[in-house]
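Below is the file upload_20.txt, which contains compact mmCIF, C-alpha atoms and all ligand atoms.
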# COMPACT_ATOMS: atom_id res chain seq x y z
CA MET A 1 86.53 -9.38 0.06
CA ALA A 2 83.19 -9.08 1.89
CA VAL A 3 82.87 -12.80 2.38
CA ALA A 4 84.79 -13.32 5.60
CA THR A 5 83.74 -10.25 7.59
CA ASP A 6 80.55 -11.47 9.22
CA LEU A 7 79.74 -15.02 8.34
CA ILE A 8 76.64 -15.47 10.46
CA ALA A 9 74.97 -12.12 9.79
CA LYS A 10 71.61 -12.55 8.10
CA THR A 11 69.79 -10.15 5.81
CA ASP A 12 66.19 -9.33 6.74
CA GLU A 13 65.04 -11.75 4.05
CA GLN A 14 67.29 -14.52 5.44
CA LYS A 15 66.03 -13.85 8.97
CA ALA A 16 62.42 -14.05 7.86
CA ILE A 17 62.83 -17.24 5.86
CA THR A 18 64.95 -19.11 8.43
CA GLU A 19 62.52 -18.15 11.21
CA MET A 20 59.67 -19.42 9.08
CA VAL A 21 61.47 -22.74 8.41
CA ARG A 22 62.45 -23.10 12.09
CA GLN A 23 58.82 -22.67 13.08
CA PHE A 24 57.83 -25.21 10.43
CA ALA A 25 60.41 -27.66 11.84
CA ASP A 26 59.19 -27.09 15.43
CA GLU A 27 55.50 -27.39 14.62
CA LYS A 28 55.30 -29.81 11.70
CA ILE A 29 58.49 -31.86 11.46
CA LEU A 30 59.67 -32.56 15.01
CA PRO A 31 56.30 -33.69 16.41
CA ASN A 32 55.85 -36.15 13.51
CA ALA A 33 59.38 -37.37 12.71
CA GLU A 34 59.24 -40.18 15.27
CA HIS A 35 56.15 -41.69 13.64
CA TYR A 36 57.52 -41.57 10.09
CA ASP A 37 60.93 -42.81 11.23
CA HIS A 38 59.51 -45.78 13.13
CA GLU A 39 57.19 -46.73 10.26
CA ASP A 40 59.78 -45.88 7.58
CA GLU A 41 56.95 -44.04 5.85
CA PHE A 42 57.23 -41.20 3.34
CA PRO A 43 56.10 -38.01 5.15
CA ALA A 44 53.64 -36.98 2.41
CA PRO A 45 51.66 -34.36 4.41
CA ILE A 46 54.88 -32.59 5.44
CA VAL A 47 56.08 -32.61 1.83
CA GLU A 48 52.78 -31.07 0.68
CA GLN A 49 53.27 -28.24 3.19
CA MET A 50 56.84 -27.78 1.95
CA LYS A 51 55.50 -27.32 -1.56
CA ASP A 52 53.13 -24.60 -0.26
CA LEU A 53 56.08 -22.87 1.41
CA GLY A 54 58.00 -22.90 -1.88
CA LEU A 55 60.84 -24.98 -0.44
CA PHE A 56 61.36 -26.94 -3.66
CA GLY A 57 62.19 -23.75 -5.55
CA VAL A 58 64.45 -21.92 -3.12
CA THR A 59 67.37 -21.53 -5.53
CA ILE A 60 65.40 -21.66 -8.81
CA PRO A 61 65.28 -18.22 -10.49
CA GLU A 62 62.08 -16.19 -10.13
CA GLU A 63 61.54 -16.23 -13.90
CA TYR A 64 60.91 -19.99 -13.56
CA GLY A 65 58.67 -19.55 -10.52
CA GLY A 66 61.28 -20.12 -7.81
CA MET A 67 62.50 -17.81 -5.04
CA GLY A 68 65.86 -17.10 -6.71
CA LEU A 69 67.78 -17.24 -3.42
CA ASP A 70 71.50 -17.88 -3.09
CA LEU A 71 73.43 -20.87 -1.76
CA THR A 72 74.00 -19.18 1.61
CA THR A 73 70.28 -18.77 2.21
CA TYR A 74 69.69 -22.32 0.99
CA ALA A 75 72.29 -23.60 3.49
CA MET A 76 70.53 -21.70 6.29
CA ILE A 77 67.23 -23.32 5.29
CA VAL A 78 68.79 -26.81 5.10
CA GLU A 79 70.24 -26.38 8.59
CA GLU A 80 66.75 -25.66 9.94
CA LEU A 81 65.10 -28.55 8.07
CA SER A 82 67.84 -30.95 9.23
CA ARG A 83 67.51 -29.78 12.80
CA GLY A 84 63.97 -31.14 12.41
CA TRP A 85 64.87 -34.36 10.57
CA ILE A 86 67.57 -35.01 7.99
CA SER A 87 65.21 -37.15 5.92
CA ILE A 88 63.15 -34.04 5.21
CA SER A 89 66.20 -32.22 3.90
CA GLY A 90 67.02 -35.38 1.89
CA ILE A 91 63.73 -35.01 0.02
CA VAL A 92 64.82 -31.54 -1.09
CA ASN A 93 68.57 -32.10 -1.52
CA THR A 94 68.83 -34.22 -4.69
CA HIS A 95 66.13 -31.97 -6.16
CA PHE A 96 68.32 -28.96 -5.38
CA ILE A 97 71.30 -30.63 -7.10
CA GLY A 98 69.16 -31.43 -10.14
CA SER A 99 67.94 -27.85 -10.39
CA TYR A 100 71.53 -26.60 -9.98
CA LEU A 101 72.61 -28.81 -12.89
CA LEU A 102 69.78 -27.52 -15.07
CA MET A 103 70.41 -23.87 -14.17
CA LYS A 104 74.13 -24.12 -14.80
CA PHE A 105 74.35 -26.50 -17.74
CA GLY A 106 70.84 -27.02 -19.15
CA THR A 107 69.71 -25.73 -22.54
CA GLU A 108 66.99 -23.08 -22.53
CA GLU A 109 64.51 -25.76 -23.70
CA GLN A 110 65.48 -28.01 -20.79
CA LYS A 111 65.10 -25.16 -18.32
CA GLN A 112 61.70 -24.23 -19.76
CA LYS A 113 60.59 -27.84 -19.72
CA TYR A 114 61.48 -28.70 -16.14
CA LEU A 115 62.36 -25.78 -13.87
CA ALA A 116 58.90 -24.27 -13.37
CA ARG A 117 57.41 -27.64 -12.43
CA MET A 118 60.40 -28.36 -10.19
CA ALA A 119 60.01 -25.01 -8.40
CA THR A 120 56.51 -25.94 -7.23
CA GLY A 121 57.54 -29.49 -6.33
CA GLU A 122 55.10 -30.89 -8.91
CA ILE A 123 58.00 -32.96 -10.19
CA ARG A 124 61.00 -33.90 -8.07
CA ALA A 125 64.53 -34.84 -9.07
CA ALA A 126 67.03 -37.52 -8.04
CA PHE A 127 70.77 -37.62 -8.67
CA SER A 128 72.51 -40.87 -9.57
CA LEU A 129 76.23 -41.58 -9.71
CA SER A 130 76.79 -44.60 -7.46
CA GLU A 131 76.62 -48.20 -8.63
CA PRO A 132 76.70 -51.56 -6.82
CA GLU A 133 80.45 -51.86 -7.41
CA CYS A 134 81.53 -48.25 -6.99
CA GLY A 135 80.74 -45.04 -5.16
CA SER A 136 83.89 -43.06 -4.39
CA ASP A 137 85.54 -44.11 -7.64
CA VAL A 138 82.97 -42.48 -9.91
CA GLN A 139 85.00 -43.05 -13.08
CA ALA A 140 84.62 -46.81 -12.57
CA ILE A 141 80.88 -46.79 -13.35
CA LYS A 142 79.68 -49.39 -15.81
CA THR A 143 76.25 -48.15 -16.90
CA THR A 144 76.35 -47.25 -20.59
CA ALA A 145 74.32 -45.37 -23.15
CA ARG A 146 74.72 -45.98 -26.86
CA LYS A 147 73.01 -44.25 -29.72
CA LEU A 148 70.44 -46.28 -31.62
CA ASP A 149 68.00 -44.77 -34.11
CA GLY A 150 68.28 -41.21 -32.82
CA ALA A 151 67.89 -42.03 -29.12
CA TYR A 152 70.31 -43.34 -26.50
CA GLU A 153 69.72 -46.78 -25.03
CA ILE A 154 70.77 -46.96 -21.39
CA ASN A 155 71.79 -50.27 -19.81
CA GLY A 156 73.14 -50.87 -16.33
CA GLN A 157 72.42 -50.66 -12.65
CA LYS A 158 72.60 -47.76 -10.23
CA MET A 159 72.72 -47.93 -6.44
CA TRP A 160 71.72 -45.77 -3.52
CA VAL A 161 69.49 -43.34 -5.35
CA THR A 162 67.81 -41.06 -2.82
CA ASN A 163 64.26 -40.23 -4.00
CA GLY A 164 64.73 -43.04 -6.54
CA LEU A 165 61.07 -44.10 -6.57
CA LEU A 166 59.04 -40.92 -6.11
CA SER A 167 61.09 -38.65 -8.36
CA SER A 168 60.06 -37.93 -11.95
CA LEU A 169 63.55 -37.05 -13.20
CA VAL A 170 66.87 -38.71 -12.52
CA PHE A 171 70.09 -36.92 -13.41
CA VAL A 172 72.07 -40.04 -14.17
CA LEU A 173 75.75 -40.36 -15.06
CA VAL A 174 76.58 -43.04 -17.62
CA LYS A 175 79.37 -43.93 -20.01
CA THR A 176 78.78 -42.95 -23.62
CA ASP A 177 82.33 -43.85 -24.62
CA PRO A 178 83.59 -46.69 -22.40
CA SER A 179 86.97 -46.71 -24.13
CA ALA A 180 87.69 -42.99 -23.59
CA GLU A 181 91.03 -42.04 -22.04
CA PRO A 182 91.00 -40.31 -19.65
CA LYS A 183 87.82 -42.08 -18.61
CA TYR A 184 85.95 -39.01 -17.46
CA LYS A 185 85.81 -37.69 -21.04
CA GLY A 186 83.54 -40.57 -22.02
CA MET A 187 80.88 -39.82 -19.42
CA THR A 188 77.55 -38.08 -20.00
CA CYS A 189 74.68 -36.91 -17.77
CA PHE A 190 71.19 -37.82 -18.97
CA ILE A 191 67.95 -36.41 -17.65
CA ALA A 192 66.09 -39.71 -17.41
CA GLU A 193 62.33 -39.27 -17.11
CA LYS A 194 60.01 -41.80 -15.53
CA GLU A 195 56.65 -42.17 -13.85
CA PRO A 196 56.94 -41.12 -10.15
CA GLY A 197 56.05 -43.91 -7.73
CA VAL A 198 56.06 -46.60 -10.43
CA SER A 199 58.39 -49.52 -10.02
CA GLU A 200 58.07 -51.14 -13.48
CA ASN A 201 57.88 -48.34 -16.02
CA SER A 202 56.23 -48.99 -19.39
CA GLY A 203 55.44 -47.19 -22.65
CA GLU A 204 57.92 -44.43 -23.40
CA TYR A 205 59.72 -45.19 -20.11
CA ALA A 206 59.94 -48.96 -20.63
CA GLY A 207 63.20 -50.48 -19.44
CA PHE A 208 63.42 -48.28 -16.34
CA THR A 209 62.81 -50.34 -13.18
CA VAL A 210 62.98 -49.23 -9.56
CA PRO A 211 63.49 -52.22 -7.23
CA PRO A 212 62.06 -52.14 -3.65
CA LYS A 213 63.64 -49.54 -1.39
CA ILE A 214 66.83 -50.43 0.47
CA LYS A 215 66.38 -51.10 4.20
CA LYS A 216 68.61 -48.70 6.15
CA LEU A 217 69.96 -48.04 9.65
CA GLY A 218 68.47 -44.56 9.70
CA TYR A 219 67.54 -41.83 7.22
CA LYS A 220 64.12 -43.46 7.04
CA GLY A 221 61.04 -42.05 5.36
CA VAL A 222 62.92 -40.93 2.26
CA GLU A 223 63.51 -43.85 -0.07
CA SER A 224 66.95 -44.95 -1.30
CA THR A 225 66.72 -47.37 -4.20
CA GLU A 226 68.60 -49.14 -6.91
CA LEU A 227 67.71 -48.28 -10.51
CA VAL A 228 67.83 -50.84 -13.28
CA PHE A 229 68.13 -49.68 -16.87
CA ASP A 230 67.47 -52.42 -19.39
CA GLY A 231 67.14 -51.00 -22.88
CA TYR A 232 65.64 -47.74 -21.55
CA ARG A 233 65.53 -45.23 -24.40
CA CYS A 234 66.40 -41.63 -23.62
CA PRO A 235 66.06 -38.99 -26.36
CA ALA A 236 69.27 -37.21 -27.38
CA GLU A 237 67.73 -33.89 -26.31
CA ASN A 238 67.73 -35.23 -22.72
CA ILE A 239 71.51 -35.06 -22.55
CA LEU A 240 72.19 -32.32 -20.00
CA GLY A 241 73.20 -29.26 -22.03
CA GLY A 242 72.08 -30.86 -25.31
CA GLU A 243 73.81 -33.50 -27.40
CA GLU A 244 76.36 -31.23 -29.01
CA ALA A 245 77.52 -29.43 -25.88
CA GLY A 246 76.76 -32.07 -23.25
CA LEU A 247 78.08 -35.33 -24.70
CA GLY A 248 81.19 -36.33 -22.74
CA GLN A 249 80.70 -33.51 -20.19
CA GLY A 250 78.82 -35.46 -17.53
CA PHE A 251 81.68 -36.05 -15.13
CA VAL A 252 82.69 -32.39 -15.06
CA GLN A 253 79.05 -31.31 -14.63
CA MET A 254 78.40 -33.78 -11.81
CA MET A 255 81.62 -32.88 -9.96
CA ASP A 256 80.64 -29.21 -10.16
CA ALA A 257 77.27 -30.08 -8.64
CA LEU A 258 78.96 -32.07 -5.88
CA GLU A 259 80.70 -28.90 -4.74
CA VAL A 260 77.37 -27.27 -3.87
CA GLY A 261 76.18 -30.68 -2.69
CA ARG A 262 78.97 -30.65 -0.12
CA VAL A 263 77.84 -27.31 1.28
CA ASN A 264 74.39 -28.83 1.44
CA VAL A 265 75.58 -31.88 3.42
CA ALA A 266 77.64 -29.62 5.68
CA ALA A 267 74.47 -27.64 6.48
CA ARG A 268 72.76 -30.92 7.36
CA GLY A 269 75.62 -31.72 9.72
CA VAL A 270 75.18 -28.36 11.43
CA GLY A 271 71.43 -28.94 11.77
CA ILE A 272 71.70 -32.38 13.34
CA ALA A 273 74.56 -31.28 15.63
CA GLN A 274 72.53 -28.26 16.74
CA ARG A 275 69.55 -30.46 17.58
CA ALA A 276 71.74 -32.94 19.50
CA LEU A 277 73.12 -30.02 21.51
CA GLU A 278 69.64 -28.65 22.26
CA LEU A 279 68.48 -32.06 23.50
CA ALA A 280 71.59 -32.44 25.67
CA LEU A 281 71.21 -28.96 27.17
CA ARG A 282 67.62 -29.74 28.14
CA TYR A 283 68.12 -33.26 29.43
CA SER A 284 71.24 -32.40 31.45
CA GLN A 285 69.28 -29.76 33.38
CA GLU A 286 66.39 -32.14 34.08
CA ARG A 287 68.23 -35.30 35.10
CA LYS A 288 69.72 -35.51 38.57
CA ALA A 289 72.57 -37.73 39.74
CA PHE A 290 74.51 -37.61 43.00
CA GLY A 291 72.21 -34.94 44.40
CA LYS A 292 72.40 -32.40 41.58
CA GLU A 293 71.47 -31.83 37.97
CA ILE A 294 73.94 -33.70 35.79
CA ALA A 295 74.65 -30.36 34.02
CA GLN A 296 76.30 -29.28 37.25
CA HIS A 297 78.93 -32.04 36.93
CA GLN A 298 81.99 -30.62 35.24
CA ALA A 299 82.40 -33.68 32.98
CA ILE A 300 78.96 -33.01 31.49
CA GLN A 301 79.65 -29.29 31.12
CA PHE A 302 82.80 -30.13 29.20
CA LYS A 303 80.80 -32.28 26.83
CA LEU A 304 78.32 -29.43 26.30
CA ALA A 305 81.21 -27.04 25.74
CA ASP A 306 82.83 -29.27 23.13
CA MET A 307 79.53 -29.81 21.36
CA ALA A 308 78.63 -26.11 21.25
CA THR A 309 82.11 -25.25 19.96
CA GLN A 310 81.85 -27.83 17.20
CA VAL A 311 78.39 -26.62 16.17
CA GLU A 312 79.61 -23.05 15.93
CA ALA A 313 82.77 -23.95 14.01
CA ALA A 314 80.81 -26.20 11.61
CA ARG A 315 78.30 -23.42 10.97
CA LEU A 316 81.05 -20.89 10.25
CA LEU A 317 82.85 -23.21 7.83
CA THR A 318 79.58 -23.98 6.05
CA LEU A 319 78.56 -20.36 5.68
CA ARG A 320 82.04 -19.39 4.52
CA ALA A 321 82.00 -22.01 1.76
CA ALA A 322 78.50 -20.94 0.71
CA ARG A 323 79.32 -17.22 0.75
CA LEU A 324 82.47 -17.77 -1.32
CA LYS A 325 80.47 -19.66 -3.94
CA ASP A 326 77.81 -16.91 -3.98
CA ALA A 327 80.55 -14.30 -4.43
CA GLY A 328 81.81 -16.20 -7.48
CA GLU A 329 85.05 -17.20 -5.72
CA ARG A 330 86.63 -20.64 -5.72
CA SER A 331 85.11 -22.72 -2.95
CA ASP A 332 86.14 -26.32 -3.71
CA LEU A 333 88.63 -26.50 -0.84
CA GLU A 334 86.28 -24.70 1.56
CA ALA A 335 83.29 -26.88 0.61
CA GLY A 336 85.38 -30.00 1.25
CA MET A 337 86.50 -28.67 4.65
CA ALA A 338 82.95 -27.70 5.59
CA LYS A 339 81.57 -31.10 4.58
CA LEU A 340 84.29 -32.99 6.43
CA PHE A 341 84.11 -30.95 9.62
CA ALA A 342 80.34 -30.52 9.83
CA SER A 343 79.51 -34.17 9.15
CA GLU A 344 82.05 -35.29 11.75
CA ALA A 345 80.65 -32.65 14.14
CA GLY A 346 77.20 -34.12 13.57
CA ARG A 347 78.40 -37.60 14.49
CA PHE A 348 80.37 -36.30 17.50
CA CYS A 349 77.55 -34.19 18.93
CA VAL A 350 74.97 -36.91 18.49
CA GLU A 351 77.14 -39.44 20.31
CA GLU A 352 77.89 -37.01 23.14
CA SER A 353 74.20 -36.20 23.44
CA LEU A 354 73.39 -39.91 23.59
CA ARG A 355 75.95 -40.39 26.37
CA ILE A 356 74.44 -37.48 28.30
CA HIS A 357 71.04 -39.16 28.01
CA GLY A 358 72.45 -42.29 29.67
CA GLY A 359 70.22 -45.36 29.26
CA TYR A 360 67.33 -43.28 27.92
CA GLY A 361 69.47 -42.31 24.94
CA TYR A 362 69.30 -45.94 23.88
CA SER A 363 65.52 -45.98 24.03
CA LYS A 364 63.32 -45.39 21.00
CA GLU A 365 61.23 -43.15 23.26
CA TYR A 366 63.91 -40.49 23.01
CA GLU A 367 64.66 -38.40 19.93
CA VAL A 368 68.42 -38.72 20.29
CA GLU A 369 68.16 -42.42 19.38
CA ARG A 370 66.94 -41.40 15.91
CA LEU A 371 69.69 -38.80 15.57
CA TYR A 372 72.24 -41.47 16.45
CA ARG A 373 71.03 -43.64 13.55
CA ASP A 374 70.69 -40.71 11.14
CA ALA A 375 74.03 -38.92 11.64
CA PRO A 376 76.39 -41.51 10.06
CA LEU A 377 74.82 -41.01 6.63
CA LEU A 378 76.44 -37.59 6.48
CA LEU A 379 79.88 -39.20 6.78
CA ILE A 380 79.18 -41.15 3.57
CA GLY A 381 77.03 -39.19 1.08
CA GLU A 382 78.62 -36.63 -1.33
CA GLY A 383 82.03 -38.19 -0.61
CA THR A 384 83.18 -39.97 2.54
CA SER A 385 85.44 -38.29 5.11
CA GLU A 386 88.40 -40.10 3.55
CA ILE A 387 87.50 -38.72 0.11
CA GLN A 388 87.04 -35.20 1.56
CA ARG A 389 90.55 -35.37 3.02
CA MET A 390 91.85 -36.40 -0.41
CA VAL A 391 90.02 -33.46 -2.02
CA ILE A 392 91.28 -31.02 0.61
CA GLY A 393 94.87 -32.31 0.37
CA ARG A 394 94.87 -32.11 -3.43
CA LYS A 395 93.41 -28.60 -3.48
CA LEU A 396 95.86 -27.39 -0.84
CA LEU A 397 98.79 -28.57 -2.91
CA GLN A 398 97.33 -26.98 -6.06
CA ARG A 399 96.91 -23.65 -4.32
CA HIS A 400 100.31 -23.72 -2.63
CA LYS A 401 102.47 -25.19 -5.37
CA ILE A 402 106.13 -24.26 -5.00
C1 LIG B 1 71.52 -43.51 2.48
C2 LIG B 1 72.41 -43.22 1.30
C3 LIG B 1 71.95 -42.38 0.30
C4 LIG B 1 72.73 -42.16 -0.84
N1 LIG B 1 72.22 -41.39 -1.85
C5 LIG B 1 72.90 -41.31 -3.02
C6 LIG B 1 72.34 -40.64 -4.15
O1 LIG B 1 71.23 -40.05 -4.07
N2 LIG B 1 73.01 -40.68 -5.33
C7 LIG B 1 74.21 -41.31 -5.45
O2 LIG B 1 74.79 -41.30 -6.55
N3 LIG B 1 74.80 -41.94 -4.40
C8 LIG B 1 74.17 -41.95 -3.19
N4 LIG B 1 74.72 -42.60 -2.12
C9 LIG B 1 75.98 -43.31 -2.30
C10 LIG B 1 77.16 -42.62 -1.66
O3 LIG B 1 77.48 -41.46 -2.38
C11 LIG B 1 78.31 -43.65 -1.62
O4 LIG B 1 77.93 -44.66 -0.69
C12 LIG B 1 79.61 -43.01 -1.22
O5 LIG B 1 80.08 -42.16 -2.25
C13 LIG B 1 80.70 -44.07 -0.92
O6 LIG B 1 80.78 -45.00 -1.93
P1 LIG B 1 80.72 -46.56 -1.62
O7 LIG B 1 79.58 -46.80 -0.70
O8 LIG B 1 80.74 -47.28 -2.90
O9 LIG B 1 82.04 -46.85 -0.80
P2 LIG B 1 83.47 -47.16 -1.43
O10 LIG B 1 83.80 -46.16 -2.46
O11 LIG B 1 83.51 -48.59 -1.81
O12 LIG B 1 84.39 -46.93 -0.17
C14 LIG B 1 84.48 -47.85 0.90
C15 LIG B 1 85.46 -47.29 1.92
O13 LIG B 1 86.74 -47.11 1.31
C16 LIG B 1 87.15 -45.76 1.44
N5 LIG B 1 87.89 -45.36 0.24
C17 LIG B 1 87.50 -45.45 -1.06
N6 LIG B 1 88.46 -44.98 -1.86
C18 LIG B 1 89.47 -44.55 -1.07
C19 LIG B 1 90.74 -43.95 -1.30
N7 LIG B 1 91.16 -43.66 -2.54
N8 LIG B 1 91.53 -43.66 -0.23
C20 LIG B 1 91.10 -43.92 1.02
N9 LIG B 1 89.91 -44.50 1.31
C21 LIG B 1 89.11 -44.79 0.28
C22 LIG B 1 85.86 -44.97 1.62
O14 LIG B 1 86.10 -43.74 2.27
C23 LIG B 1 85.07 -45.93 2.47
O15 LIG B 1 85.47 -45.82 3.80
C24 LIG B 1 74.00 -42.76 -0.94
C25 LIG B 1 74.48 -43.57 0.09
C26 LIG B 1 73.70 -43.79 1.21
C27 LIG B 1 74.22 -44.69 2.29

Translate this structure into structure tokens?
Amino acid sequence: MAVATDLIAKTDEQKAITEMVRQFADEKILPNAEHYDHEDEFPAPIVEQMKDLGLFGVTIPEEYGGMGLDLTTYAMIVEELSRGWISISGIVNTHFIGSYLLMKFGTEEQKQKYLARMATGEIRAAFSLSEPECGSDVQAIKTTARKLDGAYEINGQKMWVTNGLLSSLVFVLVKTDPSAEPKYKGMTCFIAEKEPGVSENSGEYAGFTVPPKIKKLGYKGVESTELVFDGYRCPAENILGGEEAGLGQGFVQMMDALEVGRVNVAARGVGIAQRALELALRYSQERKAFGKEIAQHQAIQFKLADMATQVEAARLLTLRAARLKDAGERSDLEAGMAKLFASEAGRFCVEESLRIHGGYGYSKEYEVERLYRDAPLLLIGEGTSEIQRMVIGRKLLQRHKI
């Protein structure tokens, strides 16, 4: 199998695109992230430039106006964006999951209707599983949809929806048969349309409300919101995959998407860890203590060594999971491992970098302070570290059953 031979080798196309995104991160994201983070402001000019670069259509097939690139290349791009600021990758990530769902499960009409406009970034997508009373335990959701006069009426509340306000489409998981056993068979994914940027929707989108954005520790700039559905009517043709094929398939579809979502979060972990390492390498050669650069103290060198080793290992795990998926192999176990390791590596490297910065690491004047607030998100989204260990353990036992 070609997958494992050279995990970090890049094709000419991958080299060109990752260099372009790295330059974009250096010139457009990094110099501005501090401002948008401090103000908790949506980075609209950066997003406009991302549209021009085609970054909303990386994995969307060329026939729908996207670049048609694979998961591996997408992961390389996400690492570079996240090295700049994980909120920027967050603006793309739920959109990527939405386009994955459409490409894999959507009807031809659904693909025609949405993918071309998604590829340009004209419309953006959010992804909504979590609710106020449950996140890890997805089958415990309470939001329902029931058929009334040819359409489905959705009622319930969702929580923690990244891009919840500014998106035009929300891929939302609800219960269409609350009494189904097993529960997952009664769950359906709807493509819920709304007006982007509008809190109280009206007209054909009446009953879809987006409350004010949630105030967060980090991951600023990109909004995370609740969603309230109160009699919101969604046409039957907006069931992902169509009513006949898609009803009751939502859980399976969403879990499939989470597998690529995990590679995506792993790539974000690599990006933030890489940036923390870069900052530590620079600062430790500038700062002097006890008559020499702190980088010359062995204790600091050991920290740098541990960080660099974790970055490299996280990158390899991430690329391996992505390459397996691209090769059509099973990658559920590998995606779980990559997500677990890379998100923990992100947290580890950011904390070590903060320690190396001493008191300045605690100051808002220094970039590492933002990284320290941003990194913990990666331990939570797309399944916490505890949930990843459960996934990995379960998959291991399945693959090695005696
Ligand atoms: C900034 C942000 C953005 C987000 N964006 C989105 C989004 O766009 N769409 C979306 O749907 N969700 C989103 N989420 C929600 C996220 O996916 C959930 O927070 C996450 O899945 C955990 O769920 P929870 O918060 O309900 O925690 P819980 O599930 O209540 O878990 C609480 C704790 O218990 C542990 N735990 C739970 N079950 C077990 C178990 N069986 N064994 C051991 N430990 C367990 C967890 O690991 C955790 O430590 C976002 C969250 C944040 C913070």

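Comparing A:Ala192, A:Val270, A:Ala342, A:Ala116 by their smallest distance to Glu237 in chain A, the closest is A:Ala192 (using all atoms listed in the file).
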
Taking all atoms listed in the file into account, produce a table as a tab-separated table in which each residue of chain A with an atom at most 6 Å from an atom of ligand LIG 1 (chain B) appears once, together with its shortest atom pair and the distance in Å to one decimal, ordered by chain and rising number.
residue	atom	partner	partner_atom	distance
A:Phe127	CA	B:LIG1	N2	5.1
A:Ser128	CA	B:LIG1	O2	3.8
A:Leu129	CA	B:LIG1	O2	3.5
A:Ser130	CA	B:LIG1	O2	4.0
A:Cys134	CA	B:LIG1	O8	4.3
A:Gly135	CA	B:LIG1	O8	3.2
A:Ser136	CA	B:LIG1	O10	3.7
A:Asp137	CA	B:LIG1	O10	5.8
A:Trp160	CA	B:LIG1	C8	4.6
A:Val161	CA	B:LIG1	O1	3.9
A:Thr162	CA	B:LIG1	O1	3.8
A:Ser224	CA	B:LIG1	C3	5.8
A:Leu377	CA	B:LIG1	C27	5.7
A:Ile380	CA	B:LIG1	C12	5.2
A:Gly381	CA	B:LIG1	O3	4.2
A:Glu382	CA	B:LIG1	O3	5.1
A:Gly383	CA	B:LIG1	O5	4.7
A:Thr384	CA	B:LIG1	O14	4.8
A:Glu386	CA	B:LIG1	O14	4.5
A:Ile387	CA	B:LIG1	O14	5.6

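The residue that comes closest to Val350 in chain A, out of A:Asp177, A:Glu195, A:Asp70, A:Asp306 and on the basis of only C-alpha atoms, is A:Asp306.
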
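If you look at CA of Arg262 in chain A and CA of Ala338 in chain A, they are 7.6 Å away from each other.
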
Who sits within 8 Å of range 278-286 of chain A, only C-alpha atoms, same chain under 3 positions skipped, as a PyMOL selection string: chain A and resi 274-275+293-295+300+304+353-354+356-357+368

Which residues, protein or nucleic acid, reach to within 10 Å of (62.8, -26.7, 1.0) in the file's coordinates when using all atoms listed in the file, and can you give that as a tab-separated table (two decimals) with C-alpha atoms, in the coordinates of the input?
chain	number	residue	atom	x	y	z
A	21	VAL	CA	61.47	-22.74	8.41
A	47	VAL	CA	56.08	-32.61	1.83
A	49	GLN	CA	53.27	-28.24	3.19
A	50	MET	CA	56.84	-27.78	1.95
A	51	LYS	CA	55.50	-27.32	-1.56
A	52	ASP	CA	53.13	-24.60	-0.26
A	53	LEU	CA	56.08	-22.87	1.41
A	54	GLY	CA	58.00	-22.90	-1.88
A	55	LEU	CA	60.84	-24.98	-0.44
A	56	PHE	CA	61.36	-26.94	-3.66
A	57	GLY	CA	62.19	-23.75	-5.55
A	58	VAL	CA	64.45	-21.92	-3.12
A	59	THR	CA	67.37	-21.53	-5.53
A	74	TYR	CA	69.69	-22.32	0.99
A	77	ILE	CA	67.23	-23.32	5.29
A	78	VAL	CA	68.79	-26.81	5.10
A	80	GLU	CA	66.75	-25.66	9.94
A	81	LEU	CA	65.10	-28.55	8.07
A	88	ILE	CA	63.15	-34.04	5.21
A	89	SER	CA	66.20	-32.22	3.90
A	90	GLY	CA	67.02	-35.38	1.89
A	91	ILE	CA	63.73	-35.01	0.02
A	92	VAL	CA	64.82	-31.54	-1.09
A	93	ASN	CA	68.57	-32.10	-1.52
A	95	HIS	CA	66.13	-31.97	-6.16
A	96	PHE	CA	68.32	-28.96	-5.38
A	119	ALA	CA	60.01	-25.01	-8.40
A	121	GLY	CA	57.54	-29.49	-6.33

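Nearest residue to Lys213 in chain A among A:Asn163, A:Thr309, A:Gln253, A:Ser363 is A:Asn163, counting only C-alpha atoms.
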
What's the 9 Å shell around Gly393 in chain A, counting only C-alpha atoms, without same-chain residues fewer than 5 positions away, as a ChimeraX atom specification? /A:333,388,398

Keeping only C-alpha atoms, write the selected residues as a PDB file, keeping the file's coordinate frame.
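Done, and the output landed in result_5.pdb:
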ATOM      1  CA  LEU A 333      88.630 -26.500  -0.840  1.00  0.00           C
ATOM      2  CA  GLN A 388      87.040 -35.200   1.560  1.00  0.00           C
ATOM      3  CA  GLN A 398      97.330 -26.980  -6.060  1.00  0.00           C
TER       4      GLN A 398
END

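From CA of Lys147 in chain A back to CA of Glu109 in chain A, the distance works out to 21.2 Å.
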
Return the single residue from A:Val260, A:Gly65, A:Ala273, A:Met255 that is closest to Glu312 in chain A, with distances computed using all atoms listed in the file. A:Ala273

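Distance cut-off 12 Å, centre (65.6, -13.1, 2.5), atoms counted all atoms listed in the file; the residues meeting this are Ala9, Lys10, Thr11, Asp12, Glu13, Gln14, Lys15, Ala16, Ile17, Thr18, Glu19, Met20, Val58, Thr59, Met67, Gly68, Leu69, Asp70, Leu71, Thr72, Thr73, Tyr74, Met76 and Ile77 of chain A.
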
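CA of Asp326 in chain A lies 25.8 Å from CA of Lys113 in chain A.
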
Non-local contacts of Ala266 in chain A (10 Å; only C-alpha atoms; under 2 positions in same chain excluded) as number ranges by chain: A: 75, 78-79, 260-264, 268-271, 314-315, 317-319, 321, 335-346, 378-379, 382
